[in-house]
Amino acid sequence: MELYSLPLIIALPFVAGLAATLLPSDSRAPATWLAGATTLASLALTLSLYPSVHGGGIVRQRFEWIPSLGLDFALRMDGFAWIFAALVSGIGLLVVVYTRYYISPEDPVRRFHLFFLAFMGSMLGVVLAGNLILLVVFWELTSIFSFLLIGYWHHNQTARDGARMALTITAIGGLALLSGVLVIGHIVGSYDLDTVLASGNAIRNHDLYVPALLLILLGTLTKSAQFPFQFWLPNAMTAPTPVSAFLHSATMVKAGVFLMARLWPVLSGTPEWFLIVGLAGMTSLVLGAYLAIFQQDLKGLLAYSTISHLGLITLLLSLGSPLAAVAAIFHMLNHATFKASLFMAAGIIDHETGTRDLRRLSGLFRYMPITGTLAMVASAAMAGVPLLNGFLSKEMFFAEAVETHADSWLDTAAPYAAVLGSALAVTYSIRLIHSIFLGVPSESFPREPHEPPFWMRFPVMLLVVACLVVGIIPGLTIGPFLQVAVSSVLGAATPQYSLAVWHGFTLPLAMSAIALAVGAVLYLFAGDYLERAESPLLFGRIQGQHIFERTMVAISWRGARLVEQVFGTKRLQPQMRLLVAAAVAAAATPLFASGLGFGSYSSGHDVAFAGLWGIGMVCAVAAAQRAKFHRLAALVLLGGTGLVTCLSFVWLSAPDLAATQLLVEIVTTVLILLGLRWLPKRSEALREPSGPLARARHFRDLVIAVVVGAGMAAMSYAVMTRKPPDTIAHFFIERAYSEGGGRNVVNVILVDFRGFDTLGEITVLGTVALTVFALLRRFRPAQDSIERPEQQRVQLSYDEAEPDRGAGATPTEYLYVPSVIMQWMFPVVIVLAAYLFLRGHDAPGGGFTAGVAMAAGFVLQYMAGGTVWVEDRLRILPVRWIGGGLVLAALTGATSIFVGDAFLTSYFRYVGLPLIGKIPMASATIFDLGVFGLVVGATVLMLIAIAHQSIRRLRAARLEEERQLVEERRQWS
Amino acid sequence: MELTLAIAIGVLTGSGVWLVLRPRTYQLVIGLSLLSYAVNLFIFSMGRLRVGAAPVLGADGSGNPADFADPVPQALVLTAIVIGFATTALLLVVLIAARGLTGSDHVDGRESR
C-alpha cells in the first residue's frame with residue numbers, strides 16, 4: 001500500500017479533474033462530492049504515511065521515465081514534504097466545501113473543478129517530487145493551472161489581464177528555475193533530490209554557484225511574489241475567492257518559499273544568498289505591509305499582507321541559521337491557516353453584501369456576528385496577538401532578527417524592519433476589522449447581509465480553531481509535526497527550540513509589545529486618512545504593474561517592430577532570395593573546406609532512362625516558364641514531371657514509392673484544378689513592369705536558380721557515385737520477416753520498426769487537413785471570382801433559352817458517358833484499395849497507398865455526379881475517418897503497453913481461417929488500417945473542402961440575386 | 001543513370017527555385033511542387049540507384065541485404081510524398097484565402113511598385 005500511496009496522492013486529483021468534466025454541466029453537488037472525496041483521499045493517504053516519515057524516514061517511489069537522460073519519475077516524501085502535502089490537501093478539502101456555496105450555479109462548475117483539482121495535483125507534485133527536473137515540470141504546471149484559475153471568469157477583462165500577468169511573471173521564473181536546476185545538475189551530476197541535498201559543499205564551492213543561485217532565486221522569488229516581482233499577486237485577486245484562498249495561502253506562492261526551504265541546506269549560508277534573499281524578503285516585508293494599509297479592496301489588503309508575510313518567511317530563510325529556518329517553516333504553516341480563513345471570510349462578506357470595498361463596508365458585526373468573530377480571531381493571528389499561532393512564529397522571528405548573523409548593514413537593519421513590518425501588520429489588521437465589522441451599519445449595501453450557510457462558514461471555523469489551539473498549546477498540537485518537518489530539512493543541524501507561549505520578559509516580547517502599540521496608535525491617528533486615501537503615500541506612483549505593462553509593450557510591440565525593420569521585409573521575394581542564398585552558403589561552406597570529389601560507383605548506363613528524363617526536364621522547365629500566364633498548361637507539365645518521377649521509382653527498385661507517387665499525382669492535380677477557379681484572370685496583355693531593371697531582376701533570379709540547380713546536381717552526383725557505406729539497411733532487411741512478419745521491407749519499416757515516426761507523420765497529416773478545413777470555413781472569395789466562370793454562364797444561358805432543357809443539362813449531357821463509367825468504377829476502386837492495403841505487408845502497397853486510392857475513388861464520384869448528387873447518397877464524414885484512424889493507430893500502439901512491452905511493439909502470427917487457409921496476422925496491420933483511415937479522411941477532407949466553396953459561392957450569389965429582385969419589386973410598387 | 005538523375009535533380013531544383021522567386025502565388029505552388037520532386041529524388045538517391053532490386057523479400061522471408069535496394073530512404077520518401085500533398089493543399093488554401101482577403105494574387109498581397 002505504502003508503495004503506491006505517493007503516486008496516488010498526485011494522480012488522484014488529475015484523474016478526478018478529468019472525470020469532473022464528464023459530469024452534467026449544471027451539477028454542483030456531484031462535482032463537489034467528487035472533488036471532496038478526491039481531496040479527502042489525498043489527505044488520508046498523506047496522513048497514513050505519517051508513521052513512515054515520523055522517525056526521520058523517507059518514503060521513496062521511483063519509476064523510469066527517460067533513463068538515458070538520468071531522468072526518473074521519482075517521488076520522495078520526508079517530514080517537510082509530508083507536512084506540506086497535508087497542508088495542501090487539507091486546505092484543499094476545506095476550499096472544496098467552501099466552493100460549493102460560493103460558486104454560483106451559472107458558473108461553469110466542471111471547469112472550476114477540473115482546474116482546481118489539476119492545480120492541487122501539480123502542487124502536490126512540486127511538494128513530493130524527488131527529482132529536480134520533475135519538480136520543475138510540476139512547478140510549471142502550477143503556473144499554467146493558476147493562470148487558468150485566475151482567469152476563470154474570462155469574460156472579465158481584468159481577470160484576463162491578471163491571469164496573463166501572473167503567468168508571464170511566474171513562467172519566466174519557471175524558465176529561470178529550469179536553467180538553474182540544469183546548472184545544479186551539471187555541478188552535482190544528478191538531478192536526484194537526495195544526491196543534490198547531500199552535495200551542499202560541492203555546490204557552494206563551485207564556480208557556477210552564483211549563476212545557479214541567481215536563476216533558482218529568480219524562480220522562487222517570482223513564484224512567492226517577492227520584491228521586485230510582487231506586483232502580480234494583487235492583480236491575481238480577480239480570481240474567484242476560493243481560488244485566492246487556496247493559491248495565496250497554502251499553495252502557489254508557498255511553492256517559492258517551499259523550494260527555498262527545500263534547498264536551504266544546499267544553497268544558504270553564503271554572502272550572496274544572504275544579500276539577495278534577505279534584501280528581497282526585507283523589502284517585501286515592509287513594502288507589502290505598508291501598501292496593505294492603504295488598500296480599499298478587502299482582497300487587495302489580504303494580497304499585500306500575503307506579500308509581507310512571505311517576505312517575513314524569506315527574510316528568515318536568508319539568515320542562514322537553523323533556528324531561523326525553524327521559524328520560517330513554522331510561519332509557513334501559521335500563515336496558511338490564518339490567511340486561508342481570512343480569504344474565505346472575505347469571500348463570505350463579498351457574497352453576502354455584494355462588495356469588497358472597505359469604504360462601503362461597515363457595521364457588519366450586527367448582521368453576521370459569528371463570521372465577524374471568526375474574522376477577528378484570524379486577523380488577530382495575522383497581527384501576531386498573543387495566544388494565537390501568528391504570535392509564536394513572530395516571536396521566533398524577532399528573536400532571530402535581533403541575533404547577529406552576518407556583519408552587514410542588512411543584518412543591523414533586520415530588527416527595525418521586523419518591528420516596522422509587524423507594526424504595519426497590526427495597523428492593517430485593525431483597519432480590516434474596524435472598518436468592516438464595527439461602526440455604524442452602512443445603508444448602502446447592494447444586498448441585505450446575513451450569516452452564510454453553516455457549511456460555508458465551517459471551513460473558516462475549523463481554521464480559526466486551529467489558529468487558537470496552536471496558539472495556546474503549541475507543544476501538544478503542532479509540536480511533534482513541526483519537529484518532524486524541521487528535522488527532515490535540517491538533519492543533524494536541527495537546533496533545540498521551545499514552542500512555549502511564555503518565555504519570560506525578553507527582548508522579542510518587548511518588540512512584540514512595541515509593534516502592537518505602534519500599530520494601534522498609527523491606526524488611531526491615521527485611520528480616517530487611510531479610509532479616504534486614493535493611493536498609497538509616497539509609493540503611489542511607483543507601480544510595478546505599470547512597469548510590467550510598459551516592458552511588455554516594449555518587448556512585444558516595439559521590439560518586434562525593431563526586429564522587423566532590421567530583418568524583415570514587407571515583401572516575400574527578397575526573403576526567399578535570402579533564404580535560398582543562406583541555403584547555398586550552408587551547402588557551399590563545407591564543400592569549400594573539404595572539396596567535392598566524385599567516385600566511380602555506377603549502376604550502369606541506359607539510354608532509355610536518359611530519354612525519359614529528357615522529357616521530364618523539358619516538362620519541368622516548360623512548367624516553370626508557363627506558370628505565369630498558362631496555369632492549366634503548367635499544371636499538365638507538372639504532372640508530366642511527376643509521372644517521370646514515378647516511372648523512375650519503378651525503374652530504380654522502389655515500387656511502393658511509384659504507387660504512392662502515381663496516386664498522389666492524381667489527387668494533387670484535382671486539388672490544384674479546384675484551386676484554379678479562385679485565381680484571377682490573367683492575359684498576356686497584362687504585363688509586369690518591364691524595362692532594364694525588371695530584366696536585371698529576372699537575370700539575377702535566373703543566375704540564382706542555375707547556381708542552386710548546378711549545386712544540387714553536383715552534390716547528388718558526388719553522393720551517388722560513391723560506394724554505399726555500411727548503412728542500417730541490413731538491419732531492416734534481415735529482421736523484416738523474422739521480427740516484423742512482413743516481406744515488403746519498406747512497409748514493415750513504416751508500420752513496425754519506425755511506427756512511432758509514422759504515427760507522428762499521420763498526426764501531421766490530420767492536423768494539416770483540419771487546418772485546411774478550418775481556413776476554408778470562413779473563406780471569402782475575391783470580388784471578381786464570385787461570379788460564375790464564363791463557360792458555366794454560356795452553358796446556363798443556353799439551357800435557359802431552350803424551353804425543354806433544365807438548368808445544368810449541358811454539363812450533365814456531355815459528361816454522361818464518363819460519369820456512368822466513373823460511377824461504375826467506384827466498387828472497383830474500393831476493391832483496388834482493399835487489395836493494395838491487404839498485400840501491403842508482403843508486397844508493394846500499404847495504408848498510405850491504399851488510403852490515397854480510396855480517396856481518389858471518392859473524388860471520382862464527386863466529379864461524376866457533382867457535390868450535391870454525391871452527398872445525397874453517400875455520407876463520408878472525413879473528420880471521423882481522421883479521428884478514427886488516429887485513435888486506431890494510437891490504440892494499437894498502446895495495447896502493447898498493457899502486455900508490458902514498449903509502446904507500438906507489434907505482434908505477429910499466422911492465423912488459420914476456414915476456406916482461405918493460413919494468413920499472416922500482424923498487429924501492425926491494424927496500425928496500418930489506422931494509417932489508411934487517416935489518409936482517406938485527410939485527403940477527402942481537403943479536396944471536398946475546396947470543392948464545396950463552389951456551392952457556397954452559388955449560395956452567396958443566389959442571395960445577391962434575391963436581394964436585387966426584392967429591390968426591383970420595391971421600385972415597381 | 002547516376003549522371004542522368006543528377007542532372008534531372010539539378011534541373012528540377014533550378015526550375016523550382018526560379019518559380020519560388022517569382023511574384024505570383026500560383027508560380028509558388030508549382031515551384032514548391034517541383035522542389036519537392038527534386039528533394040524526394042535527392043533523398044531517394046542517397047540509398048544509391050539499383051535496378052531490379054526492390055526491397056521485397058522472397059517467399060521464405062530471408063534475403064541477403066546486398067541483393068536489395070536500401071529501404072530506409074524509400075520509407076522516408078514515401079511519407080514525404082503524402083505529406084507533400086498535404087502541405088501543397090495547405091499552401092494553396094492559404095494563397096486563395098489571401099487572394100480573397102487582399103484581392104491580389106501577388107505574394108505580398110499587393111502589386112509591387
# chains A, B, ... in the order shown; residues from 1 in each chain; ligands from 1
$ interface_residues --of "chain B" --to "chain A" --cutoff "6 Å" --atoms "only C-alpha atoms" --output "ChimeraX atom specification"
/B:1,4,6-7,9-11,13-15,17-18,21,27,48-57,61,65,70-71,75,78,90,100,103,108
$ residues_around --residues "A:Leu364" --least-positions-apart "3" --cutoff "7 Å" --atoms "only C-alpha atoms" --output "compact mmCIF listing (two decimals) with N, CA and C atoms, in the first residue's frame"
# COMPACT_ATOMS: atom_id res chain seq x y z
N TYR A 367 -24.94 42.05 11.61
CA TYR A 367 -25.64 41.12 10.73
C TYR A 367 -25.03 39.73 10.79
N MET A 368 -23.71 39.65 10.92
CA MET A 368 -23.08 38.32 10.92
C MET A 368 -22.07 38.23 12.07
N ILE A 436 -14.80 47.03 8.66
CA ILE A 436 -15.83 46.12 8.14
C ILE A 436 -16.90 45.83 9.19
N PHE A 437 -16.44 45.47 10.38
CA PHE A 437 -17.40 44.93 11.33
C PHE A 437 -17.92 45.94 12.34
N LEU A 438 -17.09 46.92 12.66
CA LEU A 438 -17.52 47.87 13.68
C LEU A 438 -18.11 49.12 13.03
N PRO A 441 -23.78 50.59 10.86
CA PRO A 441 -24.09 49.80 9.67
C PRO A 441 -24.36 50.70 8.48
$ select_by_dssp --residues "chain B" --states "alpha helix (DSSP H)" --output "PyMOL selection string"
chain B and resi 2-20+25-45+71-102
$ atom_distance --atom1 "atom CA of A:Leu23" --atom2 "atom CA of A:Arg110"
7.2 Å
$ residues_around --residues "A:Leu275" --least-positions-apart "3" --cutoff "8 Å" --atoms "only C-alpha atoms" --output "number ranges by chain"
A: 271-272, 278-279, 318, 410
$ residues_around --residues "A:Asn334" --least-positions-apart "3" --cutoff "8 Å" --atoms "only C-alpha atoms" --output "compact mmCIF listing (two decimals) with N, CA and C atoms, in the first residue's frame"
# COMPACT_ATOMS: atom_id res chain seq x y z
N PHE A 330 7.69 27.15 10.50
CA PHE A 330 6.55 27.32 11.40
C PHE A 330 5.63 28.42 10.86
N HIS A 331 6.22 29.50 10.40
CA HIS A 331 5.37 30.60 9.92
C HIS A 331 4.66 30.25 8.62
N THR A 337 -2.83 28.89 7.62
CA THR A 337 -4.11 28.74 8.33
C THR A 337 -4.85 30.06 8.44
N PHE A 338 -4.18 31.10 8.94
CA PHE A 338 -4.99 32.32 9.15
C PHE A 338 -5.30 33.02 7.83
N ASN A 389 -1.55 31.57 16.89
CA ASN A 389 -0.37 30.95 16.30
C ASN A 389 0.59 31.98 15.67
N GLY A 390 0.02 33.04 15.11
CA GLY A 390 0.86 34.04 14.47
C GLY A 390 1.86 34.66 15.46
N SER A 393 5.24 32.33 15.91
CA SER A 393 6.29 32.39 14.90
C SER A 393 6.87 33.80 14.81
N CYS A 467 -5.93 27.98 14.58
CA CYS A 467 -5.09 29.12 15.00
C CYS A 467 -5.05 29.22 16.52
$ residues_around --residues "B:Leu41" --least-positions-apart "2" --cutoff "9 Å" --atoms "only C-alpha atoms" --output "compact mmCIF listing (two decimals) with N, CA and C atoms, in the first residue's frame"
# COMPACT_ATOMS: atom_id res chain seq x y z
N THR A 645 8.96 11.11 -62.62
CA THR A 645 9.48 10.76 -61.28
C THR A 645 8.95 9.40 -60.87
N PHE A 649 10.95 5.80 -60.10
CA PHE A 649 10.85 4.98 -58.89
C PHE A 649 10.67 3.52 -59.27
N LEU B 5 20.17 11.15 -63.51
CA LEU B 5 19.34 11.53 -62.37
C LEU B 5 19.89 12.78 -61.69
N ILE B 9 17.80 16.09 -61.16
CA ILE B 9 17.58 16.73 -59.86
C ILE B 9 17.96 18.20 -59.94
N SER B 36 9.73 19.78 -54.41
CA SER B 36 9.54 18.58 -53.59
C SER B 36 9.86 17.33 -54.41
N TYR B 37 9.58 17.33 -55.70
CA TYR B 37 10.05 16.20 -56.53
C TYR B 37 11.55 16.07 -56.41
N ALA B 38 12.23 17.21 -56.58
CA ALA B 38 13.69 17.19 -56.58
C ALA B 38 14.22 16.68 -55.25
N VAL B 39 13.63 17.19 -54.17
CA VAL B 39 14.14 16.78 -52.85
C VAL B 39 13.86 15.30 -52.61
N ILE B 43 16.75 12.63 -51.79
CA ILE B 43 16.80 11.75 -50.61
C ILE B 43 16.81 10.29 -51.06
N PHE B 44 15.97 9.99 -52.03
CA PHE B 44 15.89 8.61 -52.53
C PHE B 44 17.25 8.16 -53.05
N SER B 45 17.94 9.07 -53.77
CA SER B 45 19.21 8.68 -54.39
C SER B 45 20.31 8.48 -53.35
N MET B 46 20.09 8.94 -52.11
CA MET B 46 21.09 8.70 -51.08
C MET B 46 21.28 7.21 -50.82
N VAL B 77 10.91 8.71 -48.02
CA VAL B 77 10.31 9.45 -49.13
C VAL B 77 8.82 9.16 -49.22
$ atom_distance --atom1 "atom CA of A:Val868" --atom2 "atom CA of A:Val936"
20.2 Å
$ residues_around --residues "A:Gly70" --least-positions-apart "2" --cutoff "12 Å" --atoms "only C-alpha atoms" --output "VMD selection string"
chain A and resid 63 to 68 72 to 74 131 to 134 185 to 186 189 to 192
$ closest_residue --among "A:Val253, A:Leu316, A:Ile276, A:Met237" --to "A:Asp297" --atoms "only C-alpha atoms"
A:Met237
$ residues_around --residues "A:Gly256" --least-positions-apart "4" --cutoff "8 Å" --atoms "only C-alpha atoms" --output "list of chain:residue names"
A:Gly219, A:Thr220, A:Leu221, A:Thr222, A:Lys223, A:Ser224, A:Met252, A:Met260
$ write_last_selection --atoms "N, CA and C atoms" --output "PDB file, in the first residue's frame"
ATOM      1  N   GLY A 219      13.372  32.061  -9.961  1.00  0.00           N
ATOM      2  CA  GLY A 219      12.185  31.212  -9.965  1.00  0.00           C
ATOM      3  C   GLY A 219      11.392  31.322  -8.682  1.00  0.00           C
ATOM      4  N   THR A 220      12.066  31.207  -7.530  1.00  0.00           N
ATOM      5  CA  THR A 220      11.326  31.166  -6.265  1.00  0.00           C
ATOM      6  C   THR A 220      10.754  32.537  -5.906  1.00  0.00           C
ATOM      7  N   LEU A 221      11.514  33.594  -6.181  1.00  0.00           N
ATOM      8  CA  LEU A 221      11.023  34.922  -5.783  1.00  0.00           C
ATOM      9  C   LEU A 221       9.847  35.362  -6.646  1.00  0.00           C
ATOM     10  N   THR A 222       9.849  35.016  -7.925  1.00  0.00           N
ATOM     11  CA  THR A 222       8.677  35.355  -8.740  1.00  0.00           C
ATOM     12  C   THR A 222       7.476  34.574  -8.251  1.00  0.00           C
ATOM     13  N   LYS A 223       7.671  33.303  -7.939  1.00  0.00           N
ATOM     14  CA  LYS A 223       6.545  32.478  -7.520  1.00  0.00           C
ATOM     15  C   LYS A 223       5.969  32.983  -6.208  1.00  0.00           C
ATOM     16  N   SER A 224       6.836  33.374  -5.282  1.00  0.00           N
ATOM     17  CA  SER A 224       6.355  33.820  -3.986  1.00  0.00           C
ATOM     18  C   SER A 224       6.014  35.301  -3.976  1.00  0.00           C
ATOM     19  N   MET A 252       0.800  27.645  -4.412  1.00  0.00           N
ATOM     20  CA  MET A 252       1.301  28.625  -5.372  1.00  0.00           C
ATOM     21  C   MET A 252       2.393  29.524  -4.809  1.00  0.00           C
ATOM     22  N   MET A 260      12.736  27.274  -1.494  1.00  0.00           N
ATOM     23  CA  MET A 260      13.886  27.885  -0.823  1.00  0.00           C
ATOM     24  C   MET A 260      14.232  27.114   0.449  1.00  0.00           C
TER      25      MET A 260
END
